[in-house]
Amino acid sequence: MDAHEKKTLEALARAAESIGVPASVAPAAIEARLQTLETEEATARVLRPKRRRWVPALAAAACLALVAGLGVMAVAAGGVTTPSLSSLTTVADPAEDSGAEEDDGPLDASVVRAVPVAGSYEELYQRLQGAGERPQGDELSITEALEAGDAAAADASSSAQVSSAFSTTNVRTAGVDEADVVKTDGSRLYALQDNGNRIVIVETRDGAMELVGSMKPEDGTWCELFLEGERLYAIAETYPEVDNLPGVPMVVNPRTVVTTYDVSDPSSPQVVAAMQQEGYYHSARLTGGFLYLFTGFMADPAVSAEQTEGYVPSVNGETLAHGDIYLPNETTSPDCLVISAVDTKDPSVTTDQKAVLCNVDDVYVGSQSIYVYGPQELEDDEVVTTVEDDAGEETGGAAADGADGNQNSSTGDDADNMADDYVVAPSSQASSYKSDQTVICKLAYQEGSIEAVGETIVTGVIDDSFSIDEYEGTTRVLTTLYQKGEFLPVSNRVSVLDEQLQLIGEVKDLAPGERIYAARLMGDVGFFVTYRDVDPLFTVDFSDPRHPRIAGQLKVPGFSEYLHPFGEGRLLGIGMTTEPGSSVTTGFKLSMFDTSDPANVREVASYALEGTFWGAVLSDYRAAFVDAERGLVGFSIEGSDDCYLLFSYSDKRGFREELAERQARWGYQSARGVRIGEIFYVVAEDQATSYHLKGYREIESVAL
Amino acid sequence: MNARQFAERYGLIHRDLYRFALSIMGDAVEAEDVLGEAVLAAWEKRAQLRREEAFKSWLFQITANACRRRLRQAQRTQPAEDATFERPEDGTLDAAEALAVREAFAQLCEEDRLIVGLAVFGGYRSREIGALLTMNPSTVRSRRKRALERMAAFLGGAN
């Protein structure tokens with residue numbers, strides 16, 4: 001949460017200060033009412049809930065409509081208990097036999113274990129009874145939407161998004177499609193509208209558009225969709241209405257439904273299949289002919305062990321087998337991520353389904369593996385990180401003015417480490433602190449089967465799914481270390497893990513006092529951005545995975561939140577401008593970096609939009625339209641107005657704003673820019689508008 | 001937990017609860033109704049509250065769901081046209097600012113109001129709000145941010 005958000009929240013609180021509470025809901029009246037009920041209950045001993053309506057100032061009880069989704073935040077009292085491994089049935093590859101609960105060796109080394117599976121529902125139930133509070137990690141874990149980056153195709157010239165005929169969703173991993181709110185097949189546009197109440201199909205021809213069809217969800221609202229050939233996979237989320245039923249669980253999970261349509265005749269889309277899964281919709285992938293659906297399921301520890309439907313998720317109406325539920329050793333969560341695989345040849349059934357008990361921050365899907373990660377809650381007496389040097393800026397807070405606290409003496413252990421400025425020097429005072437940790441659970445997936453292959457803990461917090469990356473059998477992870485419970489970052493770290501998630505190389509104590517805002521790892525070279533008052537853009541050399549090293553850094557004002565390769569030797573950054581020497585943001589910023597010499601990165605162009613503070617692209621990479629071939633960058637900004645912006649970039653002229661399409665009102669979802677041929681379509685709330693890419697003249701605008 | 005204990009705990013949070021309900025429902029009578037319903041529902045289910053410290057979150061969750069249910073039944077997806085809060089009685093600058101803030105808030109859709117409302121009146125962060133609303137915490141975070149930035153821009157423009 002930044003200063004802007006805080007200010008607005010405070011203003012809201014102030015605005016409500018003067019509001020008094022009506023007498024009927026004042027504590028005295030409530031007490032009287034409840035005491036009446038208490039007496040009635042004692043007399044009548046009727047334990048089944050009656051229907052009563054709250055009638056202010058009337059003593060007689062009529063009906064009570066039980067509210068839907070009564071939830072209980074409470075979990076069983078008591079500390080965290082980790083089950084003893086001897087009671088677990090290990091289904092995953094038992095290569096690592098870690099009998100001890102504690103880490104062997106220094107705790108900031110990652111520890112690899114097999115991922116245990118629940119031997120019985122009872123075991124899962126017991127685990128949930130010992131579950132801790134949900135970690136709060138808001139400012140601390142900044143992960144947002146899932147992202148794509150091609151781990152295999154390392155070159156910066158990767159243009160994963162753009163095929164020659166039309167643009168595709170900006171995804172995290174090339175070859176792994178992601179569901180989104182707008183899709184195209186090169187002639188039609190498919191878009192969510194109306195707060196998810198409709199998906200519309202728009203026929204296009206050279207910029208002319210015609211609304212030809214639409215679909216409503218059977219239940220709930222549409223979230224996102226996939227398109228493949230003449231098949232449309234529409235994902236909806238629905239909250240069941242819970243009425244006054246005895247024994248109804250307190251926590252009611254939504255259901256996520258994937259409906260498959262045949263859209264060969266867009267005026268009459270036909271449902272051909274449907275499948276469903278319990279939990280809120282997290283995300284989905286489509287690759288290799290299989291759709292992988294991720295949902296988040298929240299268990300209700302208030303139910304009894306017999307009420308398995310209260311704490312075991314179900315897929316297509318069937319409760320998951322306990323052998324399909326992974327219980328990573330390091331998590332204490334009452335929540336789990338449910339993953340199912342659906343064969344597009346038969347999308348009404350799942351070919352596999354698994355659940356991972358985990359506080360899920362986010363999911364990174366590489367071309368080989370799925371990585372589920374989230375905060376780990378520690379025992380109070382576990383010290384996690386020992387820093388031999390004085391890493392923290394104890395003067396509390398971003399040093400907005402005055403000296404930055406970096407101790408600039410040299411001595412990285414690695415003589416090749418050029419980021420000496422960023423390696424904190426040893427001091428006489430050993431300082432150890434509890435650091436946040438992140439659990440990573442890795443699952444192999446292919447051809448519709450999903451299998452956990454390992455789990456580990458890394459020290460620190462992963463910013464977003466670009467900070468974790470799979471490449472040639474290694475997994476690279478960038479983390480920011482925070483002192484537990486504090487909001488100020490202490491330092492940052494690059495870790496390289498092998499296929500079994502063993503730590504094989506790392507660079508620690510980078511950029512003290514700053515946190516990671518953006519990363520892009522492209523094979524042997526990676527870039528990441530940290531920030532406190534100046535933005536170092538670091539270059540990491542991964543060519544020797546056992547010895548990752550900082551190859552260079554560039555300091556520029558402001559910071560990037562999203563990095564995208566932009567053709568040969570160029571890296572695009574979308575982020576924020578800031579007041580000089582502080583972290584107070586003042587607007588949007590586009591940057592172009594010359595990365596042709598990774599050790600000497602330069603900023604060759606920048607463009608500021610002062611006074612603009614938010615756009616979906618800052619937290620959802622799919623909102624970015626990037627076409628390096630044509631030199632185009634598009635995204636929407638959301639402020640007092642919503643506006644879709646399209647920029648051109650060339651080395652000669654830098655960034656130029658070519659289009660600024662204002663929206664009539666605040667949209668439910670952010671707009672998308674889509675290219676078909678040489679026509680650019682802005683698909684927003686209630687309307688789609690087409691433009692020639694040559695000259696940027698508007699062609700047509702249609703209501704959706 | 002007996003009636004007196006329940007009422008005591010309720011007393012500690014009732015103002016925030018009511019303001020929260022009011023911010024979501026946009027109407028004082030409805031807010032009163034919904035809160036009353038929620039309290040009764042909570043009382044009925046009080047045995048399921050395992051830890052008394054969780055009373056506040058529990059009651060906020062019940063209230064949020066009661067609001068949601070009420071709004072869905074009424075099929076109201078847009079905020080009420082009237083101001084969401086009572087009009088200030090004086091013409092001071094503070095009151096004018098308060099009115100502007102309330103108007104800005106009223107522009108948000110139901111889900112955003114739930115998220116921001118829980119943040120303001122419950123003091124919850126994204127993960128807690130995600131649990132209370134059974135929503136993806138990442139979605140909560142970005143929607144809250146967007147809603148607050150929009151409000152800030154709206155207020156900035158109004159000045």
# chains A, B, ... in the order shown; residues from 1 in each chain; ligands from 1
$ interface_residues --of "chain B" --to "chain A" --cutoff "7 Å" --atoms "only C-alpha atoms" --output "ChimeraX atom specification"
/B:3-4,7,10-11,15,18-19,32-33,36-37,41,44,48-51,54,57-58,61-62,65-66,69,98,101-102,120,125-128,134-136,138,142,145-146,148-150,152-154,157
$ residues_around --residues "Ala671 of chain A" --least-positions-apart "3" --cutoff "7 Å" --atoms "only C-alpha atoms" --output "ChimeraX atom specification"
/A:636,644,682-685
$ write_last_selection --atoms "N, CA and C atoms" --output "mmCIF file, in the first residue's frame"
data_model
loop_
_atom_site.group_PDB
_atom_site.id
_atom_site.type_symbol
_atom_site.label_atom_id
_atom_site.label_comp_id
_atom_site.auth_asym_id
_atom_site.auth_seq_id
_atom_site.Cartn_x
_atom_site.Cartn_y
_atom_site.Cartn_z
ATOM 1 N N SER A 636 -3.773 0.608 -20.470
ATOM 2 C CA SER A 636 -4.748 1.599 -20.013
ATOM 3 C C SER A 636 -4.339 2.134 -18.658
ATOM 4 N N TYR A 644 -7.108 4.607 -22.519
ATOM 5 C CA TYR A 644 -6.188 3.651 -23.139
ATOM 6 C C TYR A 644 -5.154 4.429 -23.937
ATOM 7 N N VAL A 682 -9.148 -1.213 -29.578
ATOM 8 C CA VAL A 682 -9.164 -1.018 -28.128
ATOM 9 C C VAL A 682 -10.502 -1.550 -27.634
ATOM 10 N N VAL A 683 -10.436 -2.590 -26.846
ATOM 11 C CA VAL A 683 -11.648 -3.221 -26.345
ATOM 12 C C VAL A 683 -11.806 -2.836 -24.885
ATOM 13 N N ALA A 684 -12.829 -2.030 -24.625
ATOM 14 C CA ALA A 684 -12.997 -1.489 -23.271
ATOM 15 C C ALA A 684 -14.385 -1.842 -22.762
ATOM 16 N N GLU A 685 -14.747 -1.191 -21.678
ATOM 17 C CA GLU A 685 -16.071 -1.403 -21.119
ATOM 18 C C GLU A 685 -17.096 -0.784 -22.067
#
$ residues_around --residues "Val601 of chain A" --least-positions-apart "4" --cutoff "9 Å" --atoms "only C-alpha atoms" --output "list of chain:residue names"
A:Leu537, A:Phe538, A:Thr539, A:Gly552, A:Gln553, A:Leu554, A:Phe593, A:Asp594, A:Thr595, A:Ser596, A:Asp597
$ write_last_selection --atoms "N, CA and C atoms" --output "PDB file, in the first residue's frame"
ATOM      1  N   LEU A 537      18.831  -0.702 -11.796  1.00  0.00           N
ATOM      2  CA  LEU A 537      18.459  -1.809 -12.671  1.00  0.00           C
ATOM      3  C   LEU A 537      19.681  -2.720 -12.702  1.00  0.00           C
ATOM      4  N   PHE A 538      19.557  -3.881 -12.086  1.00  0.00           N
ATOM      5  CA  PHE A 538      20.682  -4.809 -12.007  1.00  0.00           C
ATOM      6  C   PHE A 538      20.712  -5.724 -13.215  1.00  0.00           C
ATOM      7  N   THR A 539      21.904  -6.050 -13.657  1.00  0.00           N
ATOM      8  CA  THR A 539      22.086  -7.102 -14.635  1.00  0.00           C
ATOM      9  C   THR A 539      22.707  -8.287 -13.917  1.00  0.00           C
ATOM     10  N   GLY A 552      26.294  -5.788 -13.572  1.00  0.00           N
ATOM     11  CA  GLY A 552      26.274  -4.330 -13.699  1.00  0.00           C
ATOM     12  C   GLY A 552      25.026  -3.777 -13.069  1.00  0.00           C
ATOM     13  N   GLN A 553      25.014  -2.478 -12.902  1.00  0.00           N
ATOM     14  CA  GLN A 553      23.779  -1.845 -12.457  1.00  0.00           C
ATOM     15  C   GLN A 553      23.705  -0.443 -13.004  1.00  0.00           C
ATOM     16  N   LEU A 554      22.473   0.016 -13.132  1.00  0.00           N
ATOM     17  CA  LEU A 554      22.217   1.346 -13.652  1.00  0.00           C
ATOM     18  C   LEU A 554      21.279   2.034 -12.670  1.00  0.00           C
ATOM     19  N   PHE A 593      15.659   0.805 -22.206  1.00  0.00           N
ATOM     20  CA  PHE A 593      17.049   0.562 -21.826  1.00  0.00           C
ATOM     21  C   PHE A 593      17.784  -0.113 -22.971  1.00  0.00           C
ATOM     22  N   ASP A 594      19.027   0.316 -23.141  1.00  0.00           N
ATOM     23  CA  ASP A 594      19.905  -0.340 -24.092  1.00  0.00           C
ATOM     24  C   ASP A 594      20.666  -1.423 -23.319  1.00  0.00           C
ATOM     25  N   THR A 595      20.367  -2.679 -23.621  1.00  0.00           N
ATOM     26  CA  THR A 595      20.994  -3.780 -22.890  1.00  0.00           C
ATOM     27  C   THR A 595      21.974  -4.539 -23.774  1.00  0.00           C
ATOM     28  N   SER A 596      22.397  -3.906 -24.864  1.00  0.00           N
ATOM     29  CA  SER A 596      23.278  -4.639 -25.773  1.00  0.00           C
ATOM     30  C   SER A 596      24.595  -5.001 -25.089  1.00  0.00           C
ATOM     31  N   ASP A 597      25.047  -4.179 -24.168  1.00  0.00           N
ATOM     32  CA  ASP A 597      26.158  -4.567 -23.313  1.00  0.00           C
ATOM     33  C   ASP A 597      25.618  -4.706 -21.905  1.00  0.00           C
TER      34      ASP A 597
END
$ closest_residue --among "B:Gly117, B:Leu71, B:Leu132, B:Glu110" --to "Asp300 of chain A" --atoms "only C-alpha atoms"
B:Leu132
$ select_by_dssp --residues "segment 2-140 of chain B" --states "helix (DSSP H, G or I)" --output "PyMOL selection string"
chain B and resi 3-25+28-44+46-48+52-74+93-106+110-121+126-133+137-140
$ residues_around --residues "Glu470 of chain A" --least-positions-apart "4" --cutoff "7 Å" --atoms "only C-alpha atoms" --output "PyMOL selection string"
chain A and resi 151+366+474-476
$ write_last_selection --atoms "C-alpha atoms" --output "PDB file, in the first residue's frame"
ATOM      1  CA  ALA A 151      12.465 -19.522 -19.981  1.00  0.00           C
ATOM      2  CA  GLY A 366       7.001 -22.553 -16.774  1.00  0.00           C
ATOM      3  CA  THR A 474      17.616 -24.674 -12.908  1.00  0.00           C
ATOM      4  CA  THR A 475      15.182 -22.486 -11.074  1.00  0.00           C
ATOM      5  CA  ARG A 476      16.235 -18.906 -10.452  1.00  0.00           C
TER       6      ARG A 476
END
$ closest_residue --among "A:Phe647, A:Tyr445, A:Phe527, A:Tyr471" --to "Asp627 of chain A" --atoms "only C-alpha atoms"
A:Phe647
$ atom_distance --atom1 "atom CA of Gln129 of chain A" --atom2 "atom CA of Pro116 of chain A"
17.8 Å
$ select_by_dssp --residues "segment 148-342 of chain A" --states "strand (DSSP E)" --output "ChimeraX atom specification"
/A:177-178,182-184,188-193,198-205,208-215,221-228,231-238,255-262,270-278,280-287,290-298,314-315,318-319,325-326,335-342
$ closest_residue --among "A:Thr479, A:Thr204, A:Ser591, A:Thr344" --to "Gly289 of chain A" --atoms "only C-alpha atoms"
A:Thr344
$ atom_distance --atom1 "atom CA of Val439 of chain A" --atom2 "atom CA of Ala118 of chain A"
18.1 Å
$ residues_around --residues "Cys67 of chain B" --least-positions-apart "3" --cutoff "8 Å" --atoms "only C-alpha atoms" --output "ChimeraX atom specification"
/B:21,24-25,34,63-64,70-71
$ closest_residue --among "B:Val116, B:Val29, B:Ala131, B:Ala104" --to "Gly156 of chain B" --atoms "only C-alpha atoms"
B:Ala104
